[in-house]
Amino acid sequence: MIIVMEPTATEGHIADVVERLSTAGTRVQRLDGERVTLAAPGGRGNGGPGLEAMGGVSAVLPDAGGMPMVAPHRPEAGDTRTVPAEPTGRGLRVGDRWVGGDEVFVAAGPCSVEDPATMDRIAAAVAATGAAALRAGAYKPRSSPYSFQGMGEDGLAVARAAADAHGLLLVSEVIDATQIPVAQRYVDILQVGARNMANTALLRELGRAHRPVLLKRGLAATIDEWMNAAEYVISAGNPAVILCERGIRTFETATRNTLDLNAVPVLRQRTDLPILVDPSHGTGRRDCVLAMARAGIAAGADGLLVEVHVEPDRAVSDAAQTIPAADLQRMVDDARAIRLALAPSAPRGP
Ligand code: PEP
Ligand code: MN
């Protein structure tokens, strides 16, 4: 059982609830985020009648396998919960766009931020396709310490300028909690990379961030572990989480990773959070990206995160999986056509 306190709850309110639970023999874990959350793992019953009515209590959530905030909120009669994880089946608004609405959400761009002229050419090509966002990493979690590590804040400024010049949102990764205040001055969506999915200190700080979080699946993370990572962010106060399947490590060596599209329908049943697919890291091969982008949308993903470049062979990182920007229109068109072919009878979007 999880008790979410009102933002205005006093220490006295919190102490009263803790005492009620403790008296009932329940161990209580306190999480301080935007609001205080009290977790009573394996708590017996509901802590007694009227817990919801106690001063300062906003909602009492069932345990839902330990992930009550990621789990879909299906209101029932008498449900007093007032703290839905905001993206409840209607998607998430970012700027003037929606992730998880009727429109396929596409974020495209180079793996790493490059020089201003190249970024501008890429952003122009991305915007021309109708894609919503530019993606570009300024802080790069590279496998080798000797590889290009990204342009840092200068890179964020370059990417922001390119995105603004072409009316795009900007998605960029943070690899350390200290980068969050800097990054949120420039980006619309903060990306957490596969290598940091299990960095709980970073996840908690992102719970206090004022931007949506695009949470990539870890290289060897189960769906449960990934959902728990989302739970960290949401329970710390930020309900705006977007999940991104980017492939997992398997015995297969023909592709860089194995894009686990099983995750999409599995997640659909277990959460209302928007789901993206990254066919670039999922395959590591330019010649496989279009096919797996189509497959991702066919599996039910809300959108795509894809690496594109005007001169892909000159991309400073991940060139082998980067498609020519000129090929993006085809992908966007196909994604839209597949979405339309599969459209549910009732619109999902706003
Ligand atoms: C990226 O998006 O460029 C990236 C580093 O992705 P991942 O964390 O999925 O490897
Ligand atoms: Mn990359």
# chains A, B, ... in the order shown; residues from 1 in each chain; ligands from 1
>>> closest_atom_pairs(of="chain A", to="ligand 2", cutoff="8 Å", atoms="only C-alpha atoms and all ligand atoms", output="Markdown table")
| residue | atom | partner | partner_atom_place_in_ligand_line | distance |
| --- | --- | --- | --- | --- |
| A:Pro110 | CA | ligand 2 | 1 (Mn) | 7.5 |
| A:Cys111 | CA | ligand 2 | 1 (Mn) | 4.1 |
| A:Ser112 | CA | ligand 2 | 1 (Mn) | 7.0 |
| A:Gly137 | CA | ligand 2 | 1 (Mn) | 7.8 |
| A:Ser280 | CA | ligand 2 | 1 (Mn) | 7.6 |
| A:His281 | CA | ligand 2 | 1 (Mn) | 6.5 |
| A:Glu307 | CA | ligand 2 | 1 (Mn) | 6.9 |
| A:Ser317 | CA | ligand 2 | 1 (Mn) | 6.5 |
| A:Asp318 | CA | ligand 2 | 1 (Mn) | 5.2 |
>>> residues_around(residues="A:Pro279", least_positions_apart="3", cutoff="7 Å", atoms="only C-alpha atoms", output="list in words")
Arg246, Gly282, Thr283, Val289, Met292, Ala293 and Val306 of chain A
>>> write_last_selection(atoms="N, CA and C atoms", output="CSV table (one decimal), in the first residue's frame")
chain,number,residue,atom,x,y,z
A,246,ARG,N,14.8,0.0,-26.4
A,246,ARG,CA,15.9,0.3,-27.2
A,246,ARG,C,16.8,-0.9,-27.5
A,282,GLY,N,18.3,-0.4,-31.2
A,282,GLY,CA,17.7,-1.7,-31.1
A,282,GLY,C,18.3,-2.7,-32.2
A,283,THR,N,18.8,-2.1,-33.3
A,283,THR,CA,19.4,-3.0,-34.3
A,283,THR,C,20.9,-2.7,-34.5
A,289,VAL,N,16.8,-0.4,-39.8
A,289,VAL,CA,16.1,0.6,-38.9
A,289,VAL,C,14.6,0.8,-39.4
A,292,MET,N,12.3,-2.1,-38.5
A,292,MET,CA,11.9,-2.3,-37.1
A,292,MET,C,11.2,-1.0,-36.6
A,293,ALA,N,11.3,0.1,-37.2
A,293,ALA,CA,10.5,1.2,-36.9
A,293,ALA,C,9.0,0.9,-37.2
A,306,VAL,N,14.8,8.0,-33.2
A,306,VAL,CA,15.6,7.4,-34.3
A,306,VAL,C,16.8,8.4,-34.6
>>> residues_near_ligand(ligand="ligand 1", cutoff="10 Å", atoms="only C-alpha atoms and all ligand atoms", output="VMD selection string")
chain A and resid 109 to 112 135 to 143 171 to 173 175 191 to 197 215 to 219 244 to 248 257 278 to 282 305 to 307 317 to 318
>>> residues_around(residues="A:Glu153", least_positions_apart="2", cutoff="9 Å", atoms="only C-alpha atoms", output="list in words")
Ala138, Tyr139, Met151, Gly155, Leu156, Ala157, Val158, Gln179, Val182, Ala183 and Tyr186 of chain A
>>> atom_distance(atom1="atom CA of A:Arg93", atom2="atom CA of A:Leu342")
22.4 Å
>>> atom_distance(atom1="atom CA of A:Pro239", atom2="atom CA of A:Gly152")
26.7 Å
>>> select_by_dssp(residues="stretch 111-202 of chain A", states="strand (DSSP E)", output="ChimeraX atom specification")
/A:133-135,169-173,189-192
>>> closest_residue(among="A:Tyr232, A:Gly284, A:Val277, A:Ala343", to="A:Ala319", atoms="only C-alpha atoms")
A:Gly284
>>> residues_around(residues="A:Ala131", least_positions_apart="6", cutoff="12 Å", atoms="only C-alpha atoms", output="PyMOL selection string")
chain A and resi 97-99+103-109+122-125+163+166-170+303-306+308+325+328-333+335-336
>>> write_last_selection(atoms="N, CA, C and O atoms", output="compact mmCIF listing (two decimals), in the first residue's frame")
# COMPACT_ATOMS: atom_id res chain seq x y z
N ARG A 97 2.82 19.49 -28.42
CA ARG A 97 2.69 18.13 -28.97
C ARG A 97 2.21 17.17 -27.91
O ARG A 97 2.30 17.45 -26.72
N TRP A 98 1.76 16.00 -28.35
CA TRP A 98 1.35 14.95 -27.42
C TRP A 98 2.18 13.71 -27.67
O TRP A 98 2.40 13.34 -28.82
N VAL A 99 2.60 13.09 -26.61
CA VAL A 99 3.22 11.77 -26.71
C VAL A 99 2.18 10.80 -26.17
O VAL A 99 1.71 10.96 -25.03
N GLU A 103 -1.51 10.93 -32.65
CA GLU A 103 -0.38 11.12 -33.56
C GLU A 103 0.81 10.27 -33.16
O GLU A 103 1.12 10.17 -31.96
N VAL A 104 1.47 9.71 -34.14
CA VAL A 104 2.74 9.04 -33.84
C VAL A 104 3.75 10.13 -33.48
O VAL A 104 3.88 11.13 -34.19
N PHE A 105 4.45 9.96 -32.36
CA PHE A 105 5.43 10.96 -31.91
C PHE A 105 6.81 10.52 -32.40
O PHE A 105 7.27 9.43 -32.07
N VAL A 106 7.45 11.36 -33.18
CA VAL A 106 8.77 11.00 -33.70
C VAL A 106 9.81 12.02 -33.21
O VAL A 106 9.64 13.22 -33.37
N ALA A 107 10.86 11.50 -32.58
CA ALA A 107 12.01 12.32 -32.20
C ALA A 107 13.19 11.79 -33.00
O ALA A 107 13.52 10.60 -32.92
N ALA A 108 13.82 12.65 -33.80
CA ALA A 108 14.88 12.19 -34.68
C ALA A 108 16.03 13.19 -34.68
O ALA A 108 15.83 14.39 -34.47
N GLY A 109 17.23 12.67 -34.91
CA GLY A 109 18.40 13.55 -34.95
C GLY A 109 19.65 12.73 -34.75
O GLY A 109 19.60 11.50 -34.62
N ILE A 122 20.28 19.23 -40.05
CA ILE A 122 19.54 18.04 -39.60
C ILE A 122 18.16 18.45 -39.07
O ILE A 122 17.14 17.84 -39.41
N ALA A 123 18.12 19.51 -38.27
CA ALA A 123 16.83 19.95 -37.70
C ALA A 123 15.86 20.35 -38.82
O ALA A 123 14.67 20.03 -38.74
N ALA A 124 16.37 21.00 -39.85
CA ALA A 124 15.50 21.39 -40.97
C ALA A 124 14.90 20.15 -41.62
O ALA A 124 13.70 20.09 -41.92
N ALA A 125 15.74 19.14 -41.82
CA ALA A 125 15.26 17.91 -42.46
C ALA A 125 14.25 17.18 -41.58
O ALA A 125 13.25 16.65 -42.06
N ALA A 163 16.72 23.39 -32.79
CA ALA A 163 15.32 22.98 -32.58
C ALA A 163 14.40 24.20 -32.69
O ALA A 163 13.37 24.15 -33.36
N HIS A 166 13.53 25.57 -36.11
CA HIS A 166 12.65 24.77 -36.96
C HIS A 166 11.41 24.28 -36.22
O HIS A 166 10.75 23.34 -36.67
N GLY A 167 11.12 24.89 -35.09
CA GLY A 167 9.87 24.58 -34.39
C GLY A 167 9.80 23.18 -33.83
O GLY A 167 8.73 22.55 -33.80
N LEU A 168 10.93 22.65 -33.38
CA LEU A 168 10.95 21.28 -32.83
C LEU A 168 11.15 21.30 -31.32
O LEU A 168 11.80 22.20 -30.77
N LEU A 169 10.62 20.28 -30.66
CA LEU A 169 10.99 20.03 -29.27
C LEU A 169 12.40 19.46 -29.26
O LEU A 169 12.89 18.97 -30.29
N LEU A 170 13.03 19.45 -28.08
CA LEU A 170 14.38 18.90 -27.98
C LEU A 170 14.45 17.83 -26.89
O LEU A 170 14.01 18.05 -25.76
N GLY A 303 5.37 5.95 -30.57
CA GLY A 303 6.25 6.73 -31.40
C GLY A 303 7.64 6.13 -31.48
O GLY A 303 7.89 5.01 -31.01
N LEU A 304 8.53 6.92 -32.08
CA LEU A 304 9.88 6.43 -32.40
C LEU A 304 10.93 7.43 -31.95
O LEU A 304 10.71 8.65 -32.00
N LEU A 305 12.07 6.90 -31.54
CA LEU A 305 13.27 7.70 -31.29
C LEU A 305 14.31 7.15 -32.26
O LEU A 305 14.65 5.96 -32.18
N VAL A 306 14.77 7.99 -33.18
CA VAL A 306 15.59 7.44 -34.26
C VAL A 306 16.76 8.36 -34.59
O VAL A 306 16.64 9.58 -34.55
N VAL A 308 19.22 10.07 -37.07
CA VAL A 308 19.33 10.48 -38.47
C VAL A 308 20.40 11.57 -38.58
O VAL A 308 20.70 12.27 -37.61
N ALA A 325 19.02 11.53 -43.30
CA ALA A 325 17.83 12.33 -42.98
C ALA A 325 16.83 12.27 -44.13
O ALA A 325 15.61 12.34 -43.91
N LEU A 328 14.02 9.80 -43.69
CA LEU A 328 13.11 9.88 -42.54
C LEU A 328 11.65 10.04 -42.95
O LEU A 328 10.75 9.50 -42.30
N GLN A 329 11.44 10.79 -44.06
CA GLN A 329 10.03 11.02 -44.46
C GLN A 329 9.31 9.69 -44.69
O GLN A 329 8.17 9.51 -44.27
N ARG A 330 10.00 8.78 -45.34
CA ARG A 330 9.40 7.47 -45.61
C ARG A 330 8.99 6.79 -44.30
O ARG A 330 7.91 6.23 -44.16
N MET A 331 9.89 6.87 -43.32
CA MET A 331 9.60 6.23 -42.03
C MET A 331 8.40 6.88 -41.33
O MET A 331 7.51 6.19 -40.82
N VAL A 332 8.38 8.20 -41.36
CA VAL A 332 7.26 8.91 -40.71
C VAL A 332 5.95 8.57 -41.42
O VAL A 332 4.93 8.28 -40.78
N ASP A 333 5.97 8.58 -42.74
CA ASP A 333 4.76 8.27 -43.52
C ASP A 333 4.29 6.85 -43.23
O ASP A 333 3.09 6.60 -43.04
N ALA A 335 4.93 5.03 -40.61
CA ALA A 335 4.47 4.92 -39.21
C ALA A 335 3.04 5.44 -39.10
O ALA A 335 2.18 4.82 -38.46
N ARG A 336 2.78 6.55 -39.76
CA ARG A 336 1.41 7.12 -39.71
C ARG A 336 0.42 6.18 -40.38
O ARG A 336 -0.70 5.99 -39.90
>>> atom_distance(atom1="atom CA of A:Arg211", atom2="atom CA of A:Thr271")
19.8 Å
>>> decode(residues="stretch 26-41 of chain A", atoms="all heavy atoms", output="CSV table (one decimal), in the first residue's frame")
chain,number,residue,atom,x,y,z
A,26,THR,N,2.7,-2.3,10.7
A,26,THR,CA,3.3,-2.1,9.3
A,26,THR,C,4.5,-1.2,9.4
A,26,THR,O,4.5,-0.2,10.0
A,26,THR,CB,2.2,-1.4,8.4
A,26,THR,OG1,1.0,-2.2,8.5
A,26,THR,CG2,2.7,-1.3,7.0
A,27,ARG,N,5.6,-1.7,8.7
A,27,ARG,CA,6.8,-0.9,8.6
A,27,ARG,C,6.6,0.2,7.5
A,27,ARG,O,6.1,-0.1,6.4
A,27,ARG,CB,7.9,-1.8,8.2
A,27,ARG,CG,9.3,-1.2,8.3
A,27,ARG,CD,10.4,-2.3,8.2
A,27,ARG,NE,10.1,-3.2,7.0
A,27,ARG,CZ,10.4,-2.9,5.8
A,27,ARG,NH1,11.1,-1.7,5.5
A,27,ARG,NH2,10.2,-3.7,4.8
A,28,VAL,N,7.0,1.4,7.8
A,28,VAL,CA,6.7,2.5,6.8
A,28,VAL,C,8.0,3.0,6.3
A,28,VAL,O,8.9,3.3,7.0
A,28,VAL,CB,5.9,3.6,7.5
A,28,VAL,CG1,5.5,4.6,6.5
A,28,VAL,CG2,4.6,3.0,8.2
A,29,GLN,N,8.0,3.2,5.0
A,29,GLN,CA,9.2,3.8,4.3
A,29,GLN,C,8.7,5.2,3.8
A,29,GLN,O,7.7,5.3,3.1
A,29,GLN,CB,9.6,2.9,3.2
A,29,GLN,CG,10.5,3.5,2.1
A,29,GLN,CD,12.0,3.4,2.6
A,29,GLN,OE1,12.3,2.6,3.4
A,29,GLN,NE2,12.8,4.3,2.0
A,30,ARG,N,9.4,6.2,4.2
A,30,ARG,CA,9.0,7.6,3.8
A,30,ARG,C,9.9,8.0,2.6
A,30,ARG,O,11.1,7.9,2.6
A,30,ARG,CB,9.2,8.5,5.0
A,30,ARG,CG,9.0,10.0,4.6
A,30,ARG,CD,9.1,10.9,5.8
A,30,ARG,NE,9.1,12.3,5.4
A,30,ARG,CZ,8.8,13.3,6.2
A,30,ARG,NH1,8.4,13.1,7.4
A,30,ARG,NH2,8.9,14.5,5.7
A,31,LEU,N,9.2,8.6,1.6
A,31,LEU,CA,9.9,9.1,0.4
A,31,LEU,C,9.6,10.6,0.3
A,31,LEU,O,8.4,11.0,0.2
A,31,LEU,CB,9.4,8.5,-0.9
A,31,LEU,CG,9.9,7.1,-1.3
A,31,LEU,CD1,9.0,6.1,-0.6
A,31,LEU,CD2,9.8,7.0,-2.8
A,32,ASP,N,10.6,11.4,0.3
A,32,ASP,CA,10.4,12.9,0.2
A,32,ASP,C,10.6,13.3,-1.2
A,32,ASP,O,11.7,13.2,-1.7
A,32,ASP,CB,11.3,13.6,1.1
A,32,ASP,CG,10.9,13.5,2.6
A,32,ASP,OD1,9.8,13.0,2.8
A,32,ASP,OD2,11.6,14.0,3.5
A,33,GLY,N,9.6,13.7,-1.9
A,33,GLY,CA,9.7,14.3,-3.2
A,33,GLY,C,8.9,15.6,-3.3
A,33,GLY,O,8.9,16.3,-2.3
A,34,GLU,N,8.3,15.9,-4.4
A,34,GLU,CA,7.4,17.0,-4.5
A,34,GLU,C,6.4,17.0,-3.4
A,34,GLU,O,5.9,17.9,-2.9
A,34,GLU,CB,6.7,17.0,-5.9
A,34,GLU,CG,7.6,17.3,-7.0
A,34,GLU,CD,7.8,18.8,-7.2
A,34,GLU,OE1,6.8,19.5,-7.5
A,34,GLU,OE2,9.0,19.3,-7.0
A,35,ARG,N,5.9,15.7,-3.2
A,35,ARG,CA,5.1,15.5,-2.0
A,35,ARG,C,5.6,14.3,-1.3
A,35,ARG,O,6.3,13.5,-1.9
A,35,ARG,CB,3.6,15.3,-2.4
A,35,ARG,CG,3.4,14.7,-3.8
A,35,ARG,CD,1.9,14.4,-4.0
A,35,ARG,NE,1.3,15.2,-5.1
A,35,ARG,CZ,0.0,15.5,-5.1
A,35,ARG,NH1,-0.8,15.1,-4.1
A,35,ARG,NH2,-0.5,16.2,-6.1
A,36,VAL,N,5.2,14.1,-0.1
A,36,VAL,CA,5.7,13.0,0.7
A,36,VAL,C,4.8,11.7,0.4
A,36,VAL,O,3.6,11.8,0.3
A,36,VAL,CB,5.6,13.3,2.2
A,36,VAL,CG1,5.9,12.0,3.0
A,36,VAL,CG2,6.6,14.4,2.6
A,37,THR,N,5.5,10.6,0.1
A,37,THR,CA,4.8,9.4,-0.1
A,37,THR,C,5.3,8.4,1.0
A,37,THR,O,6.4,8.3,1.3
A,37,THR,CB,5.3,8.8,-1.5
A,37,THR,OG1,4.9,9.8,-2.5
A,37,THR,CG2,4.6,7.5,-1.8
A,38,LEU,N,4.3,7.7,1.5
A,38,LEU,CA,4.6,6.7,2.5
A,38,LEU,C,4.3,5.3,2.0
A,38,LEU,O,3.2,5.0,1.5
A,38,LEU,CB,3.7,6.9,3.8
A,38,LEU,CG,3.9,8.3,4.4
A,38,LEU,CD1,2.8,8.5,5.5
A,38,LEU,CD2,5.3,8.5,5.0
A,39,ALA,N,5.3,4.5,1.9
A,39,ALA,CA,5.2,3.1,1.4
A,39,ALA,C,5.1,2.2,2.5
A,39,ALA,O,5.9,2.2,3.5
A,39,ALA,CB,6.4,2.8,0.5
A,40,ALA,N,4.1,1.3,2.5
A,40,ALA,CA,3.9,0.3,3.5
A,40,ALA,C,4.0,-1.0,2.8
A,40,ALA,O,3.0,-1.6,2.5
A,40,ALA,CB,2.6,0.5,4.2
A,41,PRO,N,5.2,-1.5,2.6
A,41,PRO,CA,5.3,-2.8,1.8
A,41,PRO,C,4.7,-3.9,2.5
A,41,PRO,O,4.9,-4.1,3.7
A,41,PRO,CB,6.8,-3.0,1.6
A,41,PRO,CG,7.5,-1.9,2.4
A,41,PRO,CD,6.5,-1.0,3.0
